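Asker: What follows is my_file.cif; its format and atoms are mmCIF, C-alpha atoms.
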```cif
data_start
#
loop_
_atom_site.label_atom_id
_atom_site.label_comp_id
_atom_site.auth_asym_id
_atom_site.auth_seq_id
_atom_site.Cartn_x
_atom_site.Cartn_y
_atom_site.Cartn_z
CA MET A 1 -150.38 -26.53 -38.70
CA PRO A 2 -148.65 -29.51 -40.11
CA LYS A 3 -148.28 -32.43 -37.81
CA VAL A 4 -144.76 -33.30 -36.82
CA LYS A 5 -144.17 -36.78 -38.04
CA ILE A 6 -142.29 -39.01 -35.77
CA PRO A 7 -140.52 -41.68 -37.72
CA ARG A 8 -141.52 -45.11 -36.58
CA LYS A 9 -138.68 -47.16 -35.26
CA SER A 10 -138.53 -50.87 -34.94
CA THR A 11 -138.96 -52.15 -31.39
CA ALA A 12 -136.65 -55.08 -32.00
CA ILE A 13 -133.52 -54.74 -29.95
CA ASP A 14 -130.27 -56.36 -30.83
CA MET A 15 -129.90 -59.09 -28.27
CA THR A 16 -126.33 -59.99 -29.16
CA ALA A 17 -124.71 -57.82 -26.56
CA MET A 18 -127.02 -59.06 -23.85
CA CYS A 19 -126.35 -62.62 -24.87
CA ASP A 20 -122.62 -61.98 -24.66
CA VAL A 21 -122.90 -60.60 -21.16
CA ALA A 22 -125.11 -63.44 -19.97
CA PHE A 23 -122.72 -66.08 -21.23
CA LEU A 24 -119.75 -64.26 -19.83
CA LEU A 25 -121.31 -64.26 -16.38
CA LEU A 26 -122.35 -67.85 -16.79
CA ASN A 27 -118.81 -68.85 -17.62
CA PHE A 28 -117.49 -66.96 -14.66
CA PHE A 29 -119.84 -68.64 -12.24
CA MET A 30 -119.23 -72.07 -13.70
CA LEU A 31 -115.49 -71.77 -13.36
CA THR A 32 -115.12 -70.06 -10.02
CA SER A 33 -117.71 -71.75 -7.89
CA ASN A 34 -118.14 -75.23 -6.58
CA PHE A 35 -121.33 -77.05 -5.86
CA ILE A 36 -122.87 -76.91 -2.45
CA GLN A 37 -122.82 -80.30 -0.92
CA LYS A 38 -125.98 -81.43 0.66
CA ALA A 39 -125.48 -81.81 4.36
CA PRO A 40 -127.86 -83.89 6.44
CA VAL A 41 -128.01 -81.16 9.07
CA GLN A 42 -127.63 -77.45 9.15
CA VAL A 43 -124.40 -76.52 10.87
CA VAL A 44 -123.44 -72.97 11.74
CA THR A 45 -119.70 -72.89 12.15
CA PRO A 46 -118.02 -70.49 14.51
CA SER A 47 -115.82 -67.84 12.97
CA SER A 48 -112.09 -67.50 13.23
CA ILE A 49 -109.34 -65.36 11.75
CA SER A 50 -107.64 -68.36 10.21
CA GLU A 51 -107.31 -68.03 6.46
CA ILE A 52 -106.21 -71.50 5.55
CA LYS A 53 -108.41 -72.97 2.87
CA ILE A 54 -109.61 -76.47 3.06
CA PRO A 55 -108.39 -78.88 0.36
CA GLU A 56 -111.04 -80.01 -2.10
CA THR A 57 -110.06 -83.63 -2.40
CA ASN A 58 -109.01 -86.33 0.04
CA ILE A 59 -111.11 -84.98 2.81
CA MET A 60 -113.04 -86.57 5.62
CA THR A 61 -115.75 -84.39 7.09
CA ILE A 62 -117.01 -84.92 10.57
CA LEU A 63 -120.15 -82.94 11.16
CA VAL A 64 -121.29 -82.24 14.67
CA ASP A 65 -124.67 -80.60 14.96
CA LYS A 66 -126.20 -78.53 17.72
CA THR A 67 -127.57 -81.48 19.60
CA GLY A 68 -124.30 -83.36 19.42
CA ARG A 69 -125.14 -85.88 16.72
CA ILE A 70 -122.21 -86.95 14.62
CA PHE A 71 -122.23 -87.30 10.85
CA PHE A 72 -119.49 -88.67 8.73
CA GLY A 73 -118.51 -88.44 5.10
CA ILE A 74 -115.57 -88.86 2.77
CA ASP A 75 -115.07 -87.81 -0.81
CA GLY A 76 -114.69 -90.08 -3.82
CA GLN A 77 -117.40 -92.56 -4.84
CA ASP A 78 -115.09 -95.56 -5.17
CA LYS A 79 -113.55 -94.74 -1.81
CA ARG A 80 -117.00 -94.71 -0.22
CA VAL A 81 -117.80 -98.14 -1.59
CA GLU A 82 -114.59 -99.52 -0.17
CA LEU A 83 -115.27 -97.79 3.13
CA LEU A 84 -118.69 -99.32 3.57
CA GLN A 85 -117.45 -102.78 2.65
CA GLU A 86 -114.62 -102.62 5.13
CA VAL A 87 -116.72 -101.23 7.97
CA GLY A 88 -119.36 -103.82 7.19
CA LYS A 89 -116.75 -106.53 7.63
CA ILE A 90 -115.97 -105.31 11.14
CA TYR A 91 -119.62 -105.64 12.14
CA ASN A 92 -120.22 -108.77 10.04
CA ILE A 93 -122.62 -107.11 7.68
CA THR A 94 -122.37 -107.66 3.95
CA PHE A 95 -123.87 -105.10 1.65
CA THR A 96 -125.32 -105.83 -1.75
CA LYS A 97 -124.13 -104.14 -4.90
CA SER A 98 -127.09 -101.82 -5.10
CA GLU A 99 -126.69 -100.85 -1.48
CA LEU A 100 -123.06 -100.00 -2.08
CA LYS A 101 -124.06 -97.96 -5.09
CA THR A 102 -126.62 -96.01 -3.09
CA PHE A 103 -124.06 -95.39 -0.40
CA SER A 104 -121.52 -94.08 -2.88
CA VAL A 105 -123.72 -91.14 -3.81
CA ILE A 106 -124.55 -90.07 -0.26
CA GLY A 107 -122.46 -87.13 0.87
CA SER A 108 -122.51 -87.71 4.57
CA PHE A 109 -124.60 -89.87 6.81
CA GLY A 110 -125.40 -90.24 10.46
CA VAL A 111 -126.79 -93.69 11.17
CA PRO A 112 -125.49 -96.52 13.29
CA ILE A 113 -124.15 -99.41 11.24
CA GLU A 114 -126.97 -101.72 12.37
CA LYS A 115 -129.46 -99.39 10.71
CA MET A 116 -127.38 -98.79 7.61
CA LYS A 117 -129.25 -101.41 5.57
CA THR A 118 -132.66 -99.92 6.28
CA PHE A 119 -131.24 -96.44 5.74
CA LEU A 120 -129.97 -97.36 2.29
CA ALA A 121 -133.29 -98.93 1.37
CA LEU A 122 -135.08 -95.63 1.88
CA THR A 123 -135.85 -93.19 -0.90
CA PRO A 124 -133.59 -90.14 -1.13
CA GLU A 125 -136.35 -87.95 0.31
CA GLN A 126 -136.84 -90.22 3.29
CA ARG A 127 -133.09 -90.32 3.81
CA ASP A 128 -132.99 -86.56 4.08
CA SER A 129 -135.80 -86.49 6.60
CA LYS A 130 -135.12 -85.71 10.20
CA GLU A 131 -135.94 -89.19 11.43
CA SER A 132 -133.01 -90.65 9.53
CA ALA A 133 -130.49 -88.35 11.13
CA VAL A 134 -129.71 -90.05 14.39
CA GLY A 135 -125.95 -89.70 14.45
CA ILE A 136 -123.11 -92.18 14.66
CA PRO A 137 -122.57 -93.73 18.10
CA ILE A 138 -119.38 -92.56 19.79
CA ASP A 139 -119.80 -94.00 23.31
CA SER A 140 -116.85 -95.80 24.77
CA THR A 141 -118.76 -99.08 24.68
CA ASN A 142 -119.88 -98.73 21.09
CA ASN A 143 -117.52 -96.41 19.31
CA GLN A 144 -118.52 -96.88 15.70
CA PHE A 145 -117.18 -93.48 14.83
CA LYS A 146 -113.69 -94.67 15.64
CA ASN A 147 -114.02 -97.54 13.22
CA TRP A 148 -115.28 -95.28 10.45
CA VAL A 149 -112.28 -93.00 10.85
CA LYS A 150 -109.89 -95.90 11.12
CA VAL A 151 -111.20 -97.56 7.96
CA ALA A 152 -111.40 -94.27 6.05
CA ARG A 153 -107.74 -93.74 6.79
CA THR A 154 -106.77 -97.13 5.40
CA VAL A 155 -109.01 -96.65 2.37
CA ASN A 156 -107.43 -93.28 1.61
CA PRO A 157 -104.10 -92.76 3.39
CA LYS A 158 -103.83 -89.19 2.15
CA ILE A 159 -107.05 -88.14 3.82
CA THR A 160 -107.30 -84.91 5.81
CA ILE A 161 -109.67 -84.76 8.73
CA ALA A 162 -111.97 -81.79 8.96
CA VAL A 163 -114.23 -81.30 11.94
CA LYS A 164 -117.21 -79.10 11.26
CA GLY A 165 -118.94 -78.37 14.49
CA ASP A 166 -121.91 -76.18 15.21
CA GLN A 167 -121.06 -73.20 17.33
CA GLY A 168 -123.68 -74.11 19.86
CA CYS A 169 -122.74 -77.73 20.32
CA SER A 170 -121.46 -78.88 23.64
CA ILE A 171 -117.74 -79.11 24.08
CA LYS A 172 -118.25 -82.54 25.59
CA VAL A 173 -118.97 -84.01 22.16
CA ILE A 174 -116.06 -82.19 20.56
CA LYS A 175 -113.78 -83.43 23.31
CA ASN A 176 -115.04 -86.92 22.67
CA VAL A 177 -114.36 -86.59 18.94
CA MET A 178 -110.92 -85.14 19.58
CA GLY A 179 -110.16 -87.86 22.09
CA THR A 180 -111.16 -90.54 19.61
CA LEU A 181 -108.96 -89.00 16.96
CA GLN A 182 -106.12 -88.84 19.44
CA ASP A 183 -106.61 -92.52 20.21
CA LEU A 184 -106.14 -93.20 16.54
CA ARG A 185 -102.96 -91.14 16.57
CA GLU A 186 -104.58 -88.53 14.38
CA ASN A 187 -103.25 -85.54 16.18
CA ARG A 188 -103.45 -83.10 13.35
CA PHE A 189 -106.80 -82.10 12.03
CA ASN A 190 -108.73 -79.11 10.84
CA LEU A 191 -111.62 -77.27 12.37
CA ILE A 192 -113.83 -75.73 9.74
CA THR A 193 -114.66 -72.14 10.56
CA ALA A 194 -116.17 -69.11 8.90
CA LEU A 195 -114.03 -66.13 8.09
CA GLU A 196 -113.65 -63.28 10.50
CA GLU A 197 -111.58 -60.16 10.11
CA VAL A 198 -108.23 -59.99 11.83
CA PRO A 199 -108.48 -57.32 14.49
CA GLY A 200 -106.15 -54.39 14.05
CA GLU A 201 -105.31 -55.20 10.46
CA LYS A 202 -107.19 -53.17 7.97
CA MET B 1 -122.71 -57.41 -35.88
CA ALA B 2 -125.09 -60.29 -35.94
CA GLU B 3 -127.13 -58.85 -38.76
CA LEU B 4 -126.12 -58.52 -42.29
CA ASN B 5 -127.64 -56.02 -44.56
CA THR B 6 -128.90 -58.25 -47.25
CA GLU B 7 -131.80 -56.28 -48.55
CA ALA B 8 -131.56 -56.36 -52.26
CA LYS B 9 -131.69 -53.08 -54.07
CA PRO B 10 -134.45 -52.85 -56.56
CA GLN B 11 -132.93 -53.36 -59.94
CA LYS B 12 -133.81 -51.48 -62.98
CA GLY B 13 -133.53 -54.20 -65.49
CA GLY B 14 -136.51 -56.09 -64.23
CA LYS B 15 -134.52 -59.28 -63.80
CA LYS B 16 -136.18 -61.15 -61.01
CA LYS B 17 -133.75 -62.24 -58.39
CA PRO B 18 -134.77 -64.68 -55.72
CA LYS B 19 -135.60 -62.80 -52.56
CA LYS B 20 -132.73 -63.02 -50.13
CA LEU B 21 -133.73 -64.03 -46.65
CA SER B 22 -132.51 -62.02 -43.73
CA THR B 23 -129.75 -63.76 -41.78
CA ARG B 24 -130.72 -61.92 -38.68
CA VAL B 25 -131.41 -64.34 -35.85
CA ASP B 26 -133.57 -63.56 -32.91
CA LEU B 27 -131.31 -64.09 -29.92
CA THR B 28 -133.95 -63.64 -27.25
CA PRO B 29 -134.45 -67.34 -26.47
CA MET B 30 -130.71 -67.78 -26.26
CA VAL B 31 -130.47 -64.97 -23.75
CA ASP B 32 -133.29 -66.56 -21.80
CA LEU B 33 -131.44 -69.81 -21.69
CA ALA B 34 -128.19 -68.17 -20.68
CA PHE B 35 -129.84 -66.38 -17.81
CA LEU B 36 -131.63 -69.50 -16.73
CA LEU B 37 -128.36 -71.38 -16.50
CA LEU B 38 -126.78 -68.42 -14.81
CA THR B 39 -129.41 -68.36 -12.09
CA PHE B 40 -129.07 -72.08 -11.63
CA PHE B 41 -125.33 -71.86 -11.16
CA MET B 42 -125.62 -68.89 -8.88
CA LEU B 43 -128.03 -70.70 -6.61
CA ALA B 44 -126.60 -74.19 -6.67
CA THR B 45 -122.98 -73.34 -6.09
CA SER B 46 -121.01 -71.57 -3.47
CA MET B 47 -118.15 -69.25 -4.10
CA ILE B 48 -116.67 -69.28 -0.64
CA LYS B 49 -114.45 -72.09 0.31
CA PRO B 50 -114.69 -72.83 4.00
CA GLN B 51 -111.86 -71.72 6.17
CA THR B 52 -110.12 -74.08 8.48
CA MET B 53 -108.16 -73.80 11.61
CA GLU B 54 -105.37 -76.26 11.95
CA ILE B 55 -105.00 -77.88 15.30
CA ALA B 56 -102.42 -80.29 16.59
CA LEU B 57 -103.00 -82.24 19.76
CA PRO B 58 -100.40 -84.23 21.66
CA THR B 59 -100.40 -87.98 21.37
CA LYS B 60 -102.15 -89.98 24.00
CA ASP B 61 -99.23 -92.33 24.54
CA LYS B 62 -98.75 -93.36 28.10
CA ASP B 63 -95.00 -93.03 28.07
CA GLN B 64 -95.11 -89.36 27.19
CA THR B 65 -93.34 -87.12 29.62
CA ASN B 66 -95.32 -84.28 31.05
CA THR B 67 -93.25 -81.18 30.78
CA PRO B 68 -93.85 -79.06 33.82
CA VAL B 69 -94.75 -75.46 33.13
CA LYS B 70 -93.00 -72.64 34.93
CA ALA B 71 -95.60 -71.24 37.27
CA SER B 72 -94.49 -67.69 36.64
CA LYS B 73 -95.09 -68.08 32.93
CA SER B 74 -98.36 -69.93 33.02
CA ILE B 75 -101.80 -68.57 32.40
CA THR B 76 -104.69 -70.90 32.99
CA ILE B 77 -107.95 -70.23 31.24
CA VAL B 78 -110.99 -72.10 32.46
CA MET B 79 -113.97 -71.90 30.17
CA GLY B 80 -117.26 -71.90 31.98
CA LYS B 81 -120.90 -71.72 30.99
CA ASN B 82 -122.77 -68.75 29.53
CA ASN B 83 -119.77 -67.52 27.53
CA LYS B 84 -117.77 -66.75 30.60
CA LEU B 85 -114.19 -67.54 31.25
CA PHE B 86 -111.90 -67.43 34.22
CA TYR B 87 -108.20 -67.00 34.28
CA TYR B 88 -105.41 -67.07 36.77
CA PHE B 89 -101.67 -66.85 36.70
CA GLY B 90 -99.42 -69.49 38.15
CA THR B 91 -100.71 -72.17 40.48
CA LYS B 92 -101.50 -72.77 44.08
CA GLU B 93 -98.54 -71.64 46.14
CA ASN B 94 -97.97 -72.35 49.82
CA GLY B 95 -101.60 -73.25 50.17
CA VAL B 96 -102.76 -69.91 48.81
CA ASN B 97 -105.13 -70.13 45.90
CA PRO B 98 -104.30 -67.97 42.89
CA GLU B 99 -106.55 -65.05 42.27
CA VAL B 100 -109.20 -66.11 39.79
CA ILE B 101 -110.53 -63.36 37.59
CA THR B 102 -113.71 -63.51 35.51
CA SER B 103 -113.51 -62.37 31.92
CA ASN B 104 -115.12 -62.93 28.56
CA TYR B 105 -114.27 -63.69 24.95
CA SER B 106 -114.61 -60.16 23.64
CA ALA B 107 -111.79 -57.96 22.37
CA ASN B 108 -111.67 -56.15 25.69
CA GLY B 109 -111.73 -59.31 27.69
CA ILE B 110 -109.10 -61.97 27.72
CA ARG B 111 -107.34 -60.55 24.68
CA GLN B 112 -106.01 -57.54 26.53
CA ILE B 113 -104.55 -59.71 29.25
CA LEU B 114 -102.91 -62.04 26.78
CA LEU B 115 -101.54 -59.20 24.67
CA ASP B 116 -100.16 -57.58 27.78
CA ARG B 117 -98.53 -60.76 28.98
CA ASN B 118 -97.14 -61.51 25.56
CA LYS B 119 -95.97 -57.97 24.80
CA TYR B 120 -92.50 -58.95 23.75
CA VAL B 121 -93.57 -61.50 21.15
CA VAL B 122 -96.39 -59.31 19.89
CA SER B 123 -94.04 -56.42 19.22
CA LEU B 124 -91.55 -58.76 17.60
CA VAL B 125 -94.15 -60.18 15.24
CA LYS B 126 -95.36 -56.67 14.46
CA LYS B 127 -91.85 -55.70 13.45
CA LEU B 128 -91.58 -58.77 11.26
CA LYS B 129 -94.89 -57.92 9.64
CA ALA B 130 -93.64 -54.44 8.86
CA GLN B 131 -90.51 -55.88 7.35
CA ARG B 132 -92.57 -58.21 5.23
CA ALA B 133 -94.71 -55.31 4.07
CA ASN B 134 -91.58 -53.40 3.05
CA GLY B 135 -90.32 -56.37 1.14
CA LYS B 136 -87.30 -56.79 3.33
CA ILE B 137 -88.09 -60.38 4.13
CA SER B 138 -89.94 -62.94 2.09
CA GLU B 139 -93.13 -64.70 3.08
CA GLU B 140 -91.26 -67.88 3.97
CA GLN B 141 -88.73 -66.05 6.05
CA PHE B 142 -91.52 -64.27 7.82
CA LYS B 143 -93.28 -67.51 8.61
CA LYS B 144 -90.10 -69.05 9.94
CA LEU B 145 -89.14 -66.06 12.04
CA ALA B 146 -92.67 -65.59 13.36
CA THR B 147 -92.86 -69.22 14.43
CA GLU B 148 -89.53 -68.81 16.15
CA ALA B 149 -90.68 -65.69 17.91
CA ARG B 150 -93.91 -67.33 19.06
CA GLY B 151 -92.03 -70.28 20.48
CA ASP B 152 -89.82 -68.02 22.54
CA LYS B 153 -88.73 -69.54 25.80
CA ASP B 154 -89.88 -66.59 27.85
CA SER B 155 -93.29 -66.33 26.25
CA PRO B 156 -96.26 -67.25 28.40
CA VAL B 157 -97.73 -70.73 28.36
CA VAL B 158 -101.50 -70.85 28.18
CA LEU B 159 -103.37 -73.80 29.55
CA ILE B 160 -106.86 -74.03 28.14
CA LYS B 161 -109.31 -75.93 30.24
CA ALA B 162 -112.81 -76.33 28.94
CA THR B 163 -115.57 -77.41 31.28
CA ASP B 164 -118.36 -79.47 29.79
CA GLU B 165 -120.71 -76.52 29.96
CA ALA B 166 -118.68 -74.45 27.54
CA SER B 167 -119.70 -74.44 23.89
CA TYR B 168 -117.65 -75.30 20.86
CA LYS B 169 -117.72 -71.66 19.80
CA ASN B 170 -115.91 -70.77 22.99
CA LEU B 171 -113.15 -73.20 22.19
CA VAL B 172 -112.72 -71.85 18.68
CA ASP B 173 -112.79 -68.31 20.05
CA ILE B 174 -110.07 -69.03 22.52
CA LEU B 175 -107.93 -70.78 19.94
CA ASP B 176 -108.46 -67.73 17.80
CA GLU B 177 -107.25 -65.50 20.59
CA MET B 178 -104.08 -67.56 20.70
CA ALA B 179 -103.52 -66.74 17.04
CA ILE B 180 -104.39 -63.07 17.50
CA CYS B 181 -102.14 -62.68 20.51
CA ASN B 182 -99.31 -64.61 18.89
CA ILE B 183 -99.17 -67.19 21.60
CA GLY B 184 -97.24 -70.15 20.34
CA ARG B 185 -97.21 -72.18 23.48
CA TYR B 186 -100.64 -73.33 24.52
CA ALA B 187 -102.30 -76.60 25.28
CA ILE B 188 -105.81 -77.89 25.71
CA VAL B 189 -105.84 -79.81 28.97
CA ASP B 190 -108.42 -81.47 31.15
CA VAL B 191 -110.14 -79.55 33.90
CA LYS B 192 -108.77 -80.44 37.28
CA LYS B 193 -110.59 -80.67 40.57
CA GLU B 194 -109.06 -77.52 41.96
CA ASP B 195 -110.09 -75.58 38.89
CA ARG B 196 -113.68 -76.55 39.49
CA GLU B 197 -113.34 -75.34 43.03
CA TYR B 198 -111.86 -72.03 41.94
CA ILE B 199 -114.71 -71.22 39.66
CA LYS B 200 -117.46 -72.83 41.73
CA ASP B 201 -118.87 -69.58 43.10
CA LYS B 202 -118.28 -67.54 40.00
CA ASP B 203 -119.53 -69.84 37.30
CA ILE B 204 -123.17 -68.97 37.24
#
```
Kindly present the structure from the file in C-alpha cells form.
Answerer:
Amino acid sequence: MPKVKIPRKSTAIDMTAMCDVAFLLLNFFMLTSNFIQKAPVQVVTPSSISEIKIPETNIMTILVDKTGRIFFGIDGQDKRVELLQEVGKIYNITFTKSELKTFSVIGSFGVPIEKMKTFLALTPEQRDSKESAVGIPIDSTNNQFKNWVKVARTVNPKITIAVKGDQGCSIKVIKNVMGTLQDLRENRFNLITALEEVPGEK
Amino acid sequence: MAELNTEAKPQKGGKKKPKKLSTRVDLTPMVDLAFLLLTFFMLATSMIKPQTMEIALPTKDKDQTNTPVKASKSITIVMGKNNKLFYYFGTKENGVNPEVITSNYSANGIRQILLDRNKYVVSLVKKLKAQRANGKISEEQFKKLATEARGDKDSPVVLIKATDEASYKNLVDILDEMAICNIGRYAIVDVKKEDREYIKDKDI
C-alpha cells in the first residue's frame, strides 16, 4: 500500500494581521485612558448615583484617609512651585530651587510645613513610605490646611475643589474640612465618589 | 500583503541573474513590542474617570438670616453610629417630643419615607423624564423644569444632622438619597442638644 504523502507546510505564520490588531488596541488604550496618579494613601470612595465627571485640569484634590489624615495636591507643575513658595512665605520658610523642583513632581503630600524640608530631602521611595504620611494639620490652633487651600486658590483662581474621602473615615474630619472650606467662602465643591446604578432606572 | 512573491523563475537561457532576496519581514518582534506596550498601557492607566457629587454649603457669614422651616414640612434625619439613622417629622410641640423612628440607609429604609413624603415632586419629575424620553422637551428644558419642581414650596425640607460617630459613607449615602428622592430642599446642619437626647437610648 502506498503511503499517503502529506505535503509539508511551512510553520511560519503571517504576523501582519496580529501586528495590526495589537497596534489598534494599543492606540485605543493610549487615547482613551489616562494615567493613574500615585496617591500617598489608598482611599476607597463611597458610591453615589451622581454622574458628573470631574474636570481633568485646574483641580485641587483633598484626600482624607480612613484614619482621618489629610493630603493635599494640585495639578500643574508650575502651579505647585508657586504654591510651595507662597505657603513657605507664610511660615517664613524659604525653599531652594531643587526642593521646589522635587515638590513640583509630587502628586499629593501629607506633611506639616515644618517637616516639608526633610520630606523633600528624602528619596522617592522613602517619601512613599508610611512614615512620611502624617497628614496636614487642620486643628483650629494650627490650621495649615486652610493656608494651603487659600494659597492654591490665589495661585490658580480657576481651581475646583474635590474632596476624596474614604468611606470609613469619621464624619468629624469631613465636617472639619467642610467647615474650613466654608470659612474660606468656598461653598461649592465636589465629593469624589464611585459610580452606582440609579435605582429604578434600567 | 506583507510578502511579495519575488522568487525568480528559472530561465532557460542560462543567463545568471542575481538572486533576488525575499522582502518578507518577520513581524514577530514587532508584535511582541506592540503587546508589551499594550500591557503597559492597560496596567498603568485607568479608563474610568471618577465621579463627583456637587455640593453647595451656605456661607458662614454671621449676618445671614436663618430661615425658619415650617414644622409640618420638615423631616429631620439624625445619623448615628453603626450605619443607623433616626428620623422625625416636625419639632417639639407643646413640650411633646416628636416620635423618633430608627431606620437605615438601605432602599427599604429612609428612601421609602422620603419618596412617600415627596410623592408630588417625584411624580412630577417622572413625568418630565418621560417627556424627555419622548423627545417632547430638550435636556436643558428638563433640567430647568426638574430644578423648579424640586424647589417646590410645598416639598419637604430635610435637615441632615450627622453625629460624630457617623461615617463619611453615611453622609454620601444620605446626600444620594436626596438625589434619588428628588428632594431639592435639604441642608446639613449641626446636631442639637435635643437631638442627642432623642436618640440617646436608641443609638447603640
Asker: Using all atoms listed in the file, select each residue of chain A with any atom at most 7 Å away from an atom of chain B, and give the selection as JSON, numbers by chain.
Answerer: {"A": [15, 16, 18, 19, 22, 23, 26, 29, 30, 32, 33, 34, 35, 36, 46, 48, 49, 50, 51, 52, 53, 54, 167, 168, 169, 170, 171, 172, 182, 183, 185, 187, 188, 189, 190, 191, 192, 193, 194, 195]}
Asker: What gap, in Å, lies between atom CA of B:Asn182 and atom CA of B:Arg117?
Answerer: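 A separation of 10.8 Å between them.
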Asker: For the atom pair atom CA of B:Asn82 and atom CA of A:Val44, what is the interatomic distance in Å to one decimal place?
Answerer: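 Atom CA of B:Asn82 sits 18.3 Å away from atom CA of A:Val44.
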Asker: Quick check, in Å to one decimal: how far apart do atom CA of A:Ser47 and atom CA of A:Ala162 lie?
Answerer: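 That distance, rounded to one decimal, is 15.0 Å.
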Asker: From the list A:Ala12, A:Val43, A:Val155, A:Ile74, which residue is nearest A:Asn58 when using only C-alpha atoms?
Answerer: A:Ile74
Asker: Expanded to explicit residues, what is the PyMOL selection byres ((chain A and resi 100) around 9) for this file, as a list in words?
Answerer: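 Applied to this file, the PyMOL selection byres ((chain A and resi 100) around 9) returns Arg80, Val81, Glu82, Leu84, Gln85, Phe95, Thr96, Lys97, Ser98, Glu99, Lys101, Thr102, Phe103, Ser104 and Leu120 of chain A.
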Asker: Set the distance at 10 Å and use all atoms listed in the file: which residues neighbour A:Lys38 once local chain neighbours fewer than 4 positions away are removed? I'd like the list as a list in words.
Answerer: Gln42, Ile106, Gly107, Ser108 and Asp128 of chain A
Asker: So, with all atoms listed in the file as the atoms that count, which of B:Leu21, B:Ala149, B:Val191, B:Ile77 lies closest to B:Arg111?
Answerer: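 Residue with the minimum atom-to-atom distance to B:Arg111: B:Ile77.
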Asker: Please enclose the listed atoms of stretch 190-193 of chain A in an axis-aligned box, pad each side by 8 Å, and write out the centre and the three edge lengths in Å, rounded to one decimal, as lines of an AutoDock Vina configuration file.
Answerer:
```
center_x = -111.7
center_y = -75.6
center_z = 11.1
size_x = 21.9
size_y = 23.0
size_z = 18.6
```
Asker: With distances taken over all atoms listed in the file, which residue among B:Gly80, B:Gly151, B:Gly135, B:Gly90 lies nearest B:Pro68?
Answerer: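 Going through B:Gly80, B:Gly151, B:Gly135, B:Gly90 one by one, the smallest distance to B:Pro68 is for B:Gly90.
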